[in-house]
Amino acid sequence: MQEIFSLCLTLAKLFFNQIAMKPPKAAKKPYPITFHKHTRTDEYYWLNDPKNPEVLDYLKKENRYADSVLKPTKELQKQLFVEMKSRIKEDDSSLPYKYDGYWYITKYKKGKEYPIYVRKKEELTAKEELLFDVNKMAKDYAYYDLKSVCVSPNNQLCSFAEDKISRRIYSISFKNLLSGEILKDKIENTTGGIVWANDNQTVFYTRKDKSLRPCQIYKHILGEDPKKDTLVYEEKDPTFSCFVCKSKSREYIFIGSSSTLTSEYQFLSADNPHGSWKMVQERTRGLEYSLEHYEDHFYTITNKDGAENFCLMKMPTSKPSMENWKMVIPHREDALLEDIEIYKDYLVLEERIQGLVKLRITSWDGKQDYVLPFGETTYTAAIGLNLEFDSQTLRYSYSSLTTPWSTIEYNFESKTHTVLKEQEILGGTFKKENYFTERVWVIARDGKKVPVSLVRHKDTKPNENTPFLLYGYGSYGAIVDAAFSSIRLSLLDRGFVYAIAHIRGSEYLGRHWYEDGKLLNKKNTFFDFIDVAKHFIDTKQTSPKHLYAMGGSAGGLLMGAVMNYAPELFNGILAAVPFVDVVSAHLHIPSRELNGASDPANCAKNTAGPLIVFIVVDFFLLIFLRFHLYPNSTFGVGSNGFFNKLHSANSIIDGWKFTRIVFFSTDGSGSSFVDVCHGIENSLRVSSRKFGSV
């Protein structure tokens, strides 16, 4: 079967003799960096400055070079774009959900880029009320993002947040839904999130510092000058960030503070927004907990008392400190507790066992305890939007590598499932039964079994000539689940096998899987990926001439490692905003993303700090300074917000011998390039808990 590369995998070896220009080369400008009495020189440090005209000029040169290298693929690019777009239903709408007497719907119209938010009172047959037509709001801006459409408790007012520069810094405004008037209140420099108190006049929101760390919670009263808003909480520890949210019961407002390893919550009655905040449990290093409310108790998913995979506990709202916590669902070594949904008669648990999500239904009277059945060998499922306590139905989402995303409603009484909405794949050619998916286990070099999810067209019979795309991430505990992507069909229909290596560094097999792939265990992440690649070569399901690797951000770190440890295994590598110059980049990463010994500048606070730093320096600098004939490679960075990745990428490619390298940027925050990559894997799941360090 003929191999055809998709847009982001079009590696220049296919057109080796068709280069129209020489690749640009970033200038070397020595910059000394000193910590722990050790000085190292970074010759590409200057690329961190997004306002430097030389940096922008260099990016333009890289883009021109990329255009030159990819010129022979112009027609293929157009073909793929039309093909991918043709599968997407443009005139689509969300599944309606009812809240406080109104049905809320998000619609998309053909030829329009942005959503339209509407609602209907009581019945779906009622007259439609327009909340926001984002297409009209965005028409005068090169970039526009609307988020946090949040209606007041009396259904008469609505907050919304706008970002017009692609920096994830939002201004909050308010609309009178009865008159259509936009109120004069406008709050700048926020995360965009907002919480209404029950008086319909008071709101709480979060502001960021210069490093974009959410660190301040403010209170605003409608009609008053936002410049005079009250600072109700400031998170002064730079390793923590904070947020504000409301309980499902709508009775309480929470302020949460969290770092990689530690959580802390305060609460306030939503009926008394000017009252005093009360502490649930003061932060204790290593103690993680979340918070939800039902009747006279708070419920928490926590790792208290060594619950590595987390357990569920509850506490009286009148006495919430840790000595009053009582066990509800004990810790299990074989089940990672990811999320819960509380009902009047039932408790739903989202657990992960052997990498697969299980939705477990238990009744408060203890008479029922069972798991919803899912028939496929690899898939993803998650608790959906369930706003009412007194309900007999559970909404959840489901997808697999061959099954489009579906929203399903389960009835507790009849024990029946109803598919409310399934992602529609246009074009008339997609049939689920034409594709084959499975999960296999690969033995890593240390004996650990690494799960891998695969999908291919049923007519593709893997052999040494089969094109094979292997995706990996393996950081922060983030889980890449086996989910559907209509874009990926363009690869599968051309004979590709697509595989996700669920390597250490994620929480796919539980918390220990993450712990065994971070900090001084980070090599396990890299070696797992390499050993998975070797497995498919050794079993003759592909070959080094046809094997490709892909990863973005921290997954780009993975790409940088594997292309040094085992460049001979891959014909091509795609690295999206790669995080590869770890030591220098750590000096720019906000403190909240660092964890003790992984922070090269601050880990001298413990006696092992300098030793660990030099292990890190030795490890990352030396593996990225090997000289090989490298695979065809594509690096992508953004021109707003990802400059440490641009700097990193140049550090990694200097002096290397590549068969061919394409290096290009985007005009915004890097999102268009990342979207292409995520469009192919389209399945990065983030649970309700915070993820940790690399």
# chains A, B, ... in the order shown; residues from 1 in each chain; ligands from 1

call {"tool": "select_by_dssp", "arguments": {"residues": "stretch 22-120 of chain A", "states": "strand (DSSP E)", "output": "PyMOL selection string"}}
result
chain A and resi 32-35+38-41+97-99+102-107+116-120

call {"tool": "residues_around", "arguments": {"residues": "stretch 435-442 of chain A", "least_positions_apart": "2", "cutoff": "7 Å", "atoms": "only C-alpha atoms", "output": "PyMOL selection string"}}
result
chain A and resi 377-378+401-402+432-433+444+449-458+532+535

call {"tool": "write_last_selection", "arguments": {"atoms": "N, CA and C atoms", "output": "short mmCIF file (atom, residue, chain, number, x, y, z; two decimals), in the first residue's frame"}}
result
data_model
loop_
_atom_site.label_atom_id
_atom_site.label_comp_id
_atom_site.auth_asym_id
_atom_site.auth_seq_id
_atom_site.Cartn_x
_atom_site.Cartn_y
_atom_site.Cartn_z
N THR A 377 -11.81 -3.35 23.98
CA THR A 377 -10.59 -3.68 24.72
C THR A 377 -9.82 -2.45 25.17
N THR A 378 -10.00 -1.34 24.46
CA THR A 378 -9.38 -0.09 24.88
C THR A 378 -10.31 1.05 24.49
N LEU A 401 -10.91 4.25 19.92
CA LEU A 401 -10.17 4.56 18.70
C LEU A 401 -11.00 4.31 17.44
N THR A 402 -12.08 3.52 17.58
CA THR A 402 -12.96 3.25 16.43
C THR A 402 -14.38 3.76 16.64
N LYS A 432 -17.60 2.08 11.41
CA LYS A 432 -16.81 1.61 12.54
C LYS A 432 -16.23 0.23 12.30
N GLU A 433 -17.00 -0.65 11.66
CA GLU A 433 -16.56 -2.02 11.47
C GLU A 433 -15.40 -2.14 10.49
N ALA A 444 9.05 -3.99 28.96
CA ALA A 444 10.15 -3.02 28.94
C ALA A 444 11.43 -3.68 29.45
N LYS A 449 5.43 -4.15 32.33
CA LYS A 449 4.56 -4.29 31.16
C LYS A 449 3.96 -2.94 30.80
N VAL A 450 4.23 -2.48 29.58
CA VAL A 450 3.76 -1.18 29.11
C VAL A 450 2.57 -1.39 28.17
N PRO A 451 1.39 -0.84 28.51
CA PRO A 451 0.24 -1.00 27.62
C PRO A 451 0.33 -0.07 26.41
N VAL A 452 -0.16 -0.56 25.28
CA VAL A 452 -0.16 0.22 24.04
C VAL A 452 -1.51 0.03 23.37
N SER A 453 -2.18 1.12 23.03
CA SER A 453 -3.46 1.06 22.31
C SER A 453 -3.19 1.31 20.83
N LEU A 454 -3.78 0.47 19.98
CA LEU A 454 -3.54 0.57 18.54
C LEU A 454 -4.85 0.62 17.77
N VAL A 455 -4.78 1.21 16.57
CA VAL A 455 -5.91 1.19 15.64
C VAL A 455 -5.37 1.16 14.22
N ARG A 456 -6.08 0.45 13.34
CA ARG A 456 -5.71 0.37 11.93
C ARG A 456 -6.96 0.03 11.13
N HIS A 457 -6.87 0.24 9.83
CA HIS A 457 -7.94 -0.21 8.95
C HIS A 457 -7.92 -1.73 8.90
N LYS A 458 -9.08 -2.34 8.80
CA LYS A 458 -9.14 -3.80 8.83
C LYS A 458 -8.38 -4.43 7.66
N VAL A 532 8.87 0.03 23.33
CA VAL A 532 7.64 -0.19 22.57
C VAL A 532 7.95 -0.14 21.07
N HIS A 535 9.64 -3.25 19.99
CA HIS A 535 8.72 -4.38 19.95
C HIS A 535 8.04 -4.50 18.59
#

call {"tool": "residues_around", "arguments": {"residues": "A:Ser159", "least_positions_apart": "3", "cutoff": "6 Å", "atoms": "only C-alpha atoms", "output": "ChimeraX atom specification"}}
result
/A:149-150,173-174

call {"tool": "residues_around", "arguments": {"residues": "stretch 388-399 of chain A", "least_positions_apart": "6", "cutoff": "7 Å", "atoms": "only C-alpha atoms", "output": "PDB file with C-alpha atoms, in the first residue's frame"}}
result
ATOM      1  CA  ILE A 342     -23.068  12.602  44.122  1.00  0.00           C
ATOM      2  CA  TYR A 343     -26.819  11.953  43.899  1.00  0.00           C
ATOM      3  CA  LYS A 344     -29.578  11.809  46.477  1.00  0.00           C
ATOM      4  CA  TYR A 379     -11.529   3.042  25.205  1.00  0.00           C
ATOM      5  CA  THR A 380     -12.193   6.096  27.330  1.00  0.00           C
ATOM      6  CA  ALA A 381     -15.224   7.110  29.390  1.00  0.00           C
ATOM      7  CA  ALA A 382     -15.934   9.956  31.781  1.00  0.00           C
ATOM      8  CA  TRP A 405     -17.611  10.411  20.880  1.00  0.00           C
ATOM      9  CA  SER A 406     -21.029   9.738  22.374  1.00  0.00           C
ATOM     10  CA  THR A 407     -23.019  11.216  25.244  1.00  0.00           C
ATOM     11  CA  ILE A 408     -24.985   8.450  26.930  1.00  0.00           C
ATOM     12  CA  GLU A 409     -27.669   8.591  29.597  1.00  0.00           C
ATOM     13  CA  TYR A 410     -27.928   5.729  32.079  1.00  0.00           C
ATOM     14  CA  ASN A 411     -31.087   5.171  34.122  1.00  0.00           C
ATOM     15  CA  PHE A 412     -30.433   3.901  37.660  1.00  0.00           C
ATOM     16  CA  GLU A 413     -33.902   2.357  38.056  1.00  0.00           C
ATOM     17  CA  ALA A 483     -10.299   8.130  21.899  1.00  0.00           C
ATOM     18  CA  PHE A 484     -11.683   8.745  18.430  1.00  0.00           C
TER      19      PHE A 484
END

call {"tool": "residues_around", "arguments": {"residues": "A:Tyr233", "least_positions_apart": "5", "cutoff": "12 Å", "atoms": "only C-alpha atoms", "output": "ChimeraX atom specification"}}
result
/A:204-207,214-219,241-244,254-257,265-267,276-278

call {"tool": "residues_around", "arguments": {"residues": "A:Tyr58", "least_positions_apart": "4", "cutoff": "9 Å", "atoms": "only C-alpha atoms", "output": "PyMOL selection string"}}
result
chain A and resi 24-26+53-54+62-63

call {"tool": "residues_around", "arguments": {"residues": "A:Ser363", "least_positions_apart": "2", "cutoff": "6 Å", "atoms": "only C-alpha atoms", "output": "ChimeraX atom specification"}}
result
/A:345-346,365-366,368

call {"tool": "write_last_selection", "arguments": {"atoms": "N, CA, C and O atoms", "output": "PDB file, in the first residue's frame"}}
result
ATOM      1  N   ASP A 345     -29.688   9.425  45.953  1.00  0.00           N
ATOM      2  CA  ASP A 345     -29.764   7.994  46.265  1.00  0.00           C
ATOM      3  C   ASP A 345     -28.528   7.210  45.852  1.00  0.00           C
ATOM      4  O   ASP A 345     -28.384   6.046  46.244  1.00  0.00           O
ATOM      5  N   TYR A 346     -27.648   7.822  45.052  1.00  0.00           N
ATOM      6  CA  TYR A 346     -26.518   7.077  44.499  1.00  0.00           C
ATOM      7  C   TYR A 346     -25.218   7.872  44.587  1.00  0.00           C
ATOM      8  O   TYR A 346     -25.219   9.103  44.657  1.00  0.00           O
ATOM      9  N   ASP A 365     -27.846   3.225  50.348  1.00  0.00           N
ATOM     10  CA  ASP A 365     -28.374   2.236  51.299  1.00  0.00           C
ATOM     11  C   ASP A 365     -27.555   0.945  51.301  1.00  0.00           C
ATOM     12  O   ASP A 365     -27.863   0.004  52.050  1.00  0.00           O
ATOM     13  N   GLY A 366     -26.524   0.878  50.467  1.00  0.00           N
ATOM     14  CA  GLY A 366     -25.632  -0.269  50.459  1.00  0.00           C
ATOM     15  C   GLY A 366     -26.134  -1.478  49.707  1.00  0.00           C
ATOM     16  O   GLY A 366     -25.458  -2.518  49.662  1.00  0.00           O
ATOM     17  N   GLN A 368     -26.730  -1.717  46.378  1.00  0.00           N
ATOM     18  CA  GLN A 368     -26.249  -1.829  45.000  1.00  0.00           C
ATOM     19  C   GLN A 368     -24.798  -1.381  44.888  1.00  0.00           C
ATOM     20  O   GLN A 368     -24.406  -0.379  45.483  1.00  0.00           O
TER      21      GLN A 368
END
